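*Asks:* I have a structure here, written as structure tokens, and I will follow up with some questions on it.
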Amino acid sequence: MKQRIFGWISVLFGILLALATVEVAAIAWLYIEDGRYTPAPQLFERTQNTYLRDATKGTTCRYVDTLYPHPYVGFVHHANPPCGQPWVNNVGLYGPDYPTVRDPDYYTIILVGGSVASQLAQNSQPPAPRYLEEELNKKYVSPNGKPWRILNGGDGAWKEPQPFILFALYASSVDAVVNLSGFNEHYFFWPGAEERLERPLSNFIEVNPFVADENFGDAAIGWVMGRISGALAANPLLGHSHAAYMVVRGIEDVAKGHDVFNSTKKTTLNSIFKMPEDIRRDAPREFEVQLGLYQKYWRATEVLARDYGLKSAYFLQPAPAYGKVLTEDEKRIVGDLSYGPLYRRIVAGMLTLRERGLAVFDLGDIFANEKGTIYADHIHYWRDAKSESPGNRLMATRMAAQLAETWGLQKKP
């Protein structure tokens, strides 16, 4: 009996020793990779950008589990258990409910764009700051003298024409429109891009089973892998393990290797939005075509705004590739910055819309004098435990001041 107990103890000790060896090896590997020791919880945060992480924090749900198909903008969010978010409003976005008609008790701006616009308008779960709304209410009198209200018109991976479509749906419900975008659109400007700017990103496939039918195997693999990685990250013990993080990172890499757009069917998302081969082979022409598409939706937004008597403004968001001396922490997380010159060309092209009377502004320099950490990933801004964010505060301050100058707002005493 004693010999059997001793045998079990030896086996257990061997297992623990093996696990400890693996953990130490993982710590050493990541130390060499990062150039410093990084706690495992911080490493787990890198497996998703801040916008996606906020949507699933503290759960084993994936971001896609929070999404809901929308007939016009592709995808929004839902409040249905078990993975729904109770702070989702009546149109499937974060923030206060949308009115059906203009509310005379507020001066309402719809802020459209992608995830950066969404965080500036309604930073995930309340009582997170509503940066732009707070800045306007603090410093400026609205055109009708009523409190400012910002409706969040942005979501993760949104790009044109989603902001335009959303605005078109609710133009009769608001007093003004502000567009904050640029980064999500830039992915379609790379030379040789296969699809037009309008092609929806992969979230659309995830929430539309008919489109995903041929890729069901890939989707299922991604779903299982996502749940496994989510469970590991949320586990009180494994969530502090560097070895578990490396497993999660490996799982994520495999999942990302599945091309959900690959198909042998004649009619696909690729075929619907395919860029003609003769344009793809001509890089300068391809850039001009994509720029024309991007400009088209801002021009259409402006036409609709003027028809409804709404104020408008358009902002091109900053990006880590230029305009700021990055900290060492930022350099580790912002990713490849080679897109900088291309992005600046896009900004320059969009600024020409001023000649058509659009109030277009470049925010690329707003972090030029900031020495501390602003970015938390490739495009979103760092926030503390109370969701305070220097990046969002600075952007809200600049945008509010620009709106005041453009719209002739009166400053509060």
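FYI, nothing fancy with the structure tokens labels: chains A, B, ... in order, residues from 1 per chain, ligands from 1 as they appear.
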So that I can see what lies close to A:Leu394, please list as number ranges by chain the residues with an atom at most 9 Å from it, counting only C-alpha atoms and leaving out residues fewer than 4 positions away in the same chain.

*Replies:* A: 366-367, 389-390, 398-399

*Asks:* Quick one: everything within 12 Å of A:Asp278, counting only C-alpha atoms, minus sequence neighbours fewer than 4 positions away in the same chain. Send it as a PyMOL selection string.

*Replies:* chain A and resi 192-194+274+282-286+289

*Asks:* Write to file, as a PDB file, in the first residue's frame, the residues of the selection just made, with C-alpha atoms.

*Replies:*
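What ended up in again-v8.pdb:
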ATOM      1  CA  GLY A 192      -3.356  44.891 -55.995  1.00  0.00           C
ATOM      2  CA  ALA A 193      -6.394  44.920 -53.687  1.00  0.00           C
ATOM      3  CA  GLU A 194      -8.794  42.317 -55.005  1.00  0.00           C
ATOM      4  CA  LYS A 274     -14.260  42.117 -57.291  1.00  0.00           C
ATOM      5  CA  ASP A 282      -2.481  49.710 -62.563  1.00  0.00           C
ATOM      6  CA  ALA A 283      -1.591  50.804 -59.005  1.00  0.00           C
ATOM      7  CA  PRO A 284      -2.100  54.585 -59.470  1.00  0.00           C
ATOM      8  CA  ARG A 285      -5.459  54.017 -61.140  1.00  0.00           C
ATOM      9  CA  GLU A 286      -6.518  51.513 -58.482  1.00  0.00           C
ATOM     10  CA  VAL A 289     -10.748  54.327 -57.971  1.00  0.00           C
TER      11      VAL A 289
END

*Asks:* Given only C-alpha atoms as the basis, pick out the residue of A:Leu310, A:Thr397, A:Cys83, A:His77 nearest to A:Arg62.

*Replies:* A:Cys83

*Asks:* Would you kindly return, as a PyMOL selection string, each protein, DNA or RNA residue with an atom no farther than 8 Å from any atom of A:Phe183, considering only C-alpha atoms and excluding same-chain residues fewer than 5 positions away?

*Replies:* chain A and resi 317+319+343+379

*Asks:* Can you list, as number ranges by chain, every protein, DNA or RNA residue that comes within 9 Å of stretch 301-308 of chain A when you count only C-alpha atoms, leaving out same-chain residues fewer than 2 positions away?

*Replies:* A: 163-165, 167-168, 171-172, 175-177, 296-299, 310-313, 358

*Asks:* Go ahead and dump the residues you just picked, N, CA, C and O atoms, as an mmCIF file, in the first residue's frame.

*Replies:*
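And here is the file that came out, out-v8.cif:
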data_model
loop_
_atom_site.group_PDB
_atom_site.id
_atom_site.type_symbol
_atom_site.label_atom_id
_atom_site.label_comp_id
_atom_site.auth_asym_id
_atom_site.auth_seq_id
_atom_site.Cartn_x
_atom_site.Cartn_y
_atom_site.Cartn_z
ATOM 1 N N PRO A 163 -21.191 53.547 -42.509
ATOM 2 C CA PRO A 163 -21.542 54.819 -41.861
ATOM 3 C C PRO A 163 -22.570 55.624 -42.658
ATOM 4 O O PRO A 163 -23.502 56.208 -42.071
ATOM 5 N N PHE A 164 -22.413 55.664 -43.992
ATOM 6 C CA PHE A 164 -23.386 56.393 -44.801
ATOM 7 C C PHE A 164 -24.766 55.759 -44.713
ATOM 8 O O PHE A 164 -25.779 56.453 -44.574
ATOM 9 N N ILE A 165 -24.834 54.445 -44.798
ATOM 10 C CA ILE A 165 -26.126 53.754 -44.752
ATOM 11 C C ILE A 165 -26.824 54.006 -43.424
ATOM 12 O O ILE A 165 -28.032 54.293 -43.375
ATOM 13 N N PHE A 167 -26.418 56.537 -41.382
ATOM 14 C CA PHE A 167 -26.878 57.919 -41.359
ATOM 15 C C PHE A 167 -28.126 58.098 -42.207
ATOM 16 O O PHE A 167 -29.073 58.791 -41.814
ATOM 17 N N ALA A 168 -28.164 57.453 -43.382
ATOM 18 C CA ALA A 168 -29.336 57.553 -44.247
ATOM 19 C C ALA A 168 -30.582 57.011 -43.552
ATOM 20 O O ALA A 168 -31.686 57.536 -43.729
ATOM 21 N N ALA A 171 -31.293 59.920 -40.618
ATOM 22 C CA ALA A 171 -31.067 61.353 -40.854
ATOM 23 C C ALA A 171 -32.210 62.212 -40.336
ATOM 24 O O ALA A 171 -31.997 63.361 -39.917
ATOM 25 N N SER A 172 -33.410 61.682 -40.320
ATOM 26 C CA SER A 172 -34.563 62.451 -39.838
ATOM 27 C C SER A 172 -34.679 62.436 -38.322
ATOM 28 O O SER A 172 -35.598 63.050 -37.761
ATOM 29 N N ASP A 175 -29.805 66.038 -35.404
ATOM 30 C CA ASP A 175 -29.575 67.438 -35.765
ATOM 31 C C ASP A 175 -28.268 67.649 -36.510
ATOM 32 O O ASP A 175 -28.071 68.701 -37.128
ATOM 33 N N ALA A 176 -27.365 66.693 -36.433
ATOM 34 C CA ALA A 176 -26.056 66.836 -37.077
ATOM 35 C C ALA A 176 -25.420 65.468 -37.265
ATOM 36 O O ALA A 176 -25.777 64.502 -36.585
ATOM 37 N N VAL A 177 -24.450 65.400 -38.174
ATOM 38 C CA VAL A 177 -23.701 64.172 -38.410
ATOM 39 C C VAL A 177 -22.214 64.484 -38.389
ATOM 40 O O VAL A 177 -21.769 65.492 -38.949
ATOM 41 N N LYS A 296 -17.090 59.311 -52.533
ATOM 42 C CA LYS A 296 -18.499 59.253 -52.929
ATOM 43 C C LYS A 296 -19.429 59.193 -51.723
ATOM 44 O O LYS A 296 -20.463 59.877 -51.680
ATOM 45 N N TYR A 297 -19.054 58.395 -50.722
ATOM 46 C CA TYR A 297 -19.941 58.227 -49.570
ATOM 47 C C TYR A 297 -19.926 59.443 -48.647
ATOM 48 O O TYR A 297 -20.930 59.760 -48.018
ATOM 49 N N TRP A 298 -18.796 60.136 -48.558
ATOM 50 C CA TRP A 298 -18.791 61.397 -47.803
ATOM 51 C C TRP A 298 -19.596 62.454 -48.540
ATOM 52 O O TRP A 298 -20.323 63.235 -47.930
ATOM 53 N N ARG A 299 -19.469 62.489 -49.866
ATOM 54 C CA ARG A 299 -20.250 63.444 -50.646
ATOM 55 C C ARG A 299 -21.751 63.144 -50.515
ATOM 56 O O ARG A 299 -22.573 64.065 -50.404
ATOM 57 N N LEU A 310 -29.078 69.645 -41.752
ATOM 58 C CA LEU A 310 -28.240 69.202 -40.642
ATOM 59 C C LEU A 310 -26.829 69.763 -40.769
ATOM 60 O O LEU A 310 -26.306 69.927 -41.866
ATOM 61 N N LYS A 311 -26.203 70.013 -39.642
ATOM 62 C CA LYS A 311 -24.787 70.365 -39.641
ATOM 63 C C LYS A 311 -23.959 69.102 -39.852
ATOM 64 O O LYS A 311 -24.416 67.994 -39.530
ATOM 65 N N SER A 312 -22.729 69.274 -40.351
ATOM 66 C CA SER A 312 -21.909 68.107 -40.656
ATOM 67 C C SER A 312 -20.435 68.436 -40.482
ATOM 68 O O SER A 312 -20.025 69.599 -40.537
ATOM 69 N N ALA A 313 -19.634 67.399 -40.272
ATOM 70 C CA ALA A 313 -18.174 67.524 -40.208
ATOM 71 C C ALA A 313 -17.580 66.134 -40.401
ATOM 72 O O ALA A 313 -18.206 65.112 -40.052
ATOM 73 N N LEU A 358 -17.153 70.545 -48.135
ATOM 74 C CA LEU A 358 -17.246 69.673 -46.970
ATOM 75 C C LEU A 358 -16.265 70.129 -45.899
ATOM 76 O O LEU A 358 -15.133 70.524 -46.214
#

*Asks:* Can you tell me, as number ranges by chain, what residues are no more than 7 Å from stretch 204-208 of chain A when counting only C-alpha atoms, ignoring any on the same chain fewer than 5 positions away?

*Replies:* A: 64, 67-69, 74-75

*Asks:* I'd like the contact shell of A:Val22 - 12 Å cut-off, only C-alpha atoms, skipping same-chain residues fewer than 2 positions apart - returned as a count of residues only.

*Replies:* 19

*Asks:* Do you know which residues are at most 8 Å from A:Val178 counting only C-alpha atoms, after dropping those on the same chain fewer than 4 positions away, and could you put them as a list of chain:residue names?

*Replies:*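 Skipping anything fewer than 4 positions along the chain leaves A:Ile109, A:Ile110, A:Leu111, A:Val112, A:Ser312, A:Ala313, A:Tyr314, A:Phe315.
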
*Asks:* Output the selection as a compact mmCIF listing (two decimals), in the first residue's frame - N, CA and C atoms for each residue.

*Replies:*
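Wrote out.txt, looks like this:
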# COMPACT_ATOMS: atom_id res chain seq x y z
N ILE A 109 -26.23 64.60 -32.17
CA ILE A 109 -25.26 64.31 -33.23
C ILE A 109 -25.16 62.80 -33.38
N ILE A 110 -25.18 62.32 -34.60
CA ILE A 110 -24.86 60.92 -34.85
C ILE A 110 -23.39 60.87 -35.28
N LEU A 111 -22.58 60.16 -34.50
CA LEU A 111 -21.14 60.02 -34.77
C LEU A 111 -20.92 58.69 -35.45
N VAL A 112 -20.62 58.70 -36.75
CA VAL A 112 -20.51 57.47 -37.52
C VAL A 112 -19.05 57.14 -37.81
N SER A 312 -22.73 69.27 -40.35
CA SER A 312 -21.91 68.11 -40.66
C SER A 312 -20.43 68.44 -40.48
N ALA A 313 -19.63 67.40 -40.27
CA ALA A 313 -18.17 67.52 -40.21
C ALA A 313 -17.58 66.13 -40.40
N TYR A 314 -16.34 66.10 -40.95
CA TYR A 314 -15.70 64.84 -41.30
C TYR A 314 -14.26 64.87 -40.80
N PHE A 315 -13.89 63.83 -40.05
CA PHE A 315 -12.57 63.76 -39.44
C PHE A 315 -11.85 62.49 -39.87

*Asks:* Given the choices A:Leu353, A:Leu136, A:Ala385, A:Ala368, which gets closest to A:Leu409 if the distance is worked out from only C-alpha atoms?

*Replies:*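 Closest residue, counting only C-alpha atoms: A:Leu136.
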
*Asks:* When distances are computed from only C-alpha atoms, which of A:Val101, A:Leu93, A:Ala321, A:Ala404 shows the smallest separation from A:Tyr375?

*Replies:*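 With only C-alpha atoms as the atom set, the closest residue is A:Ala321.
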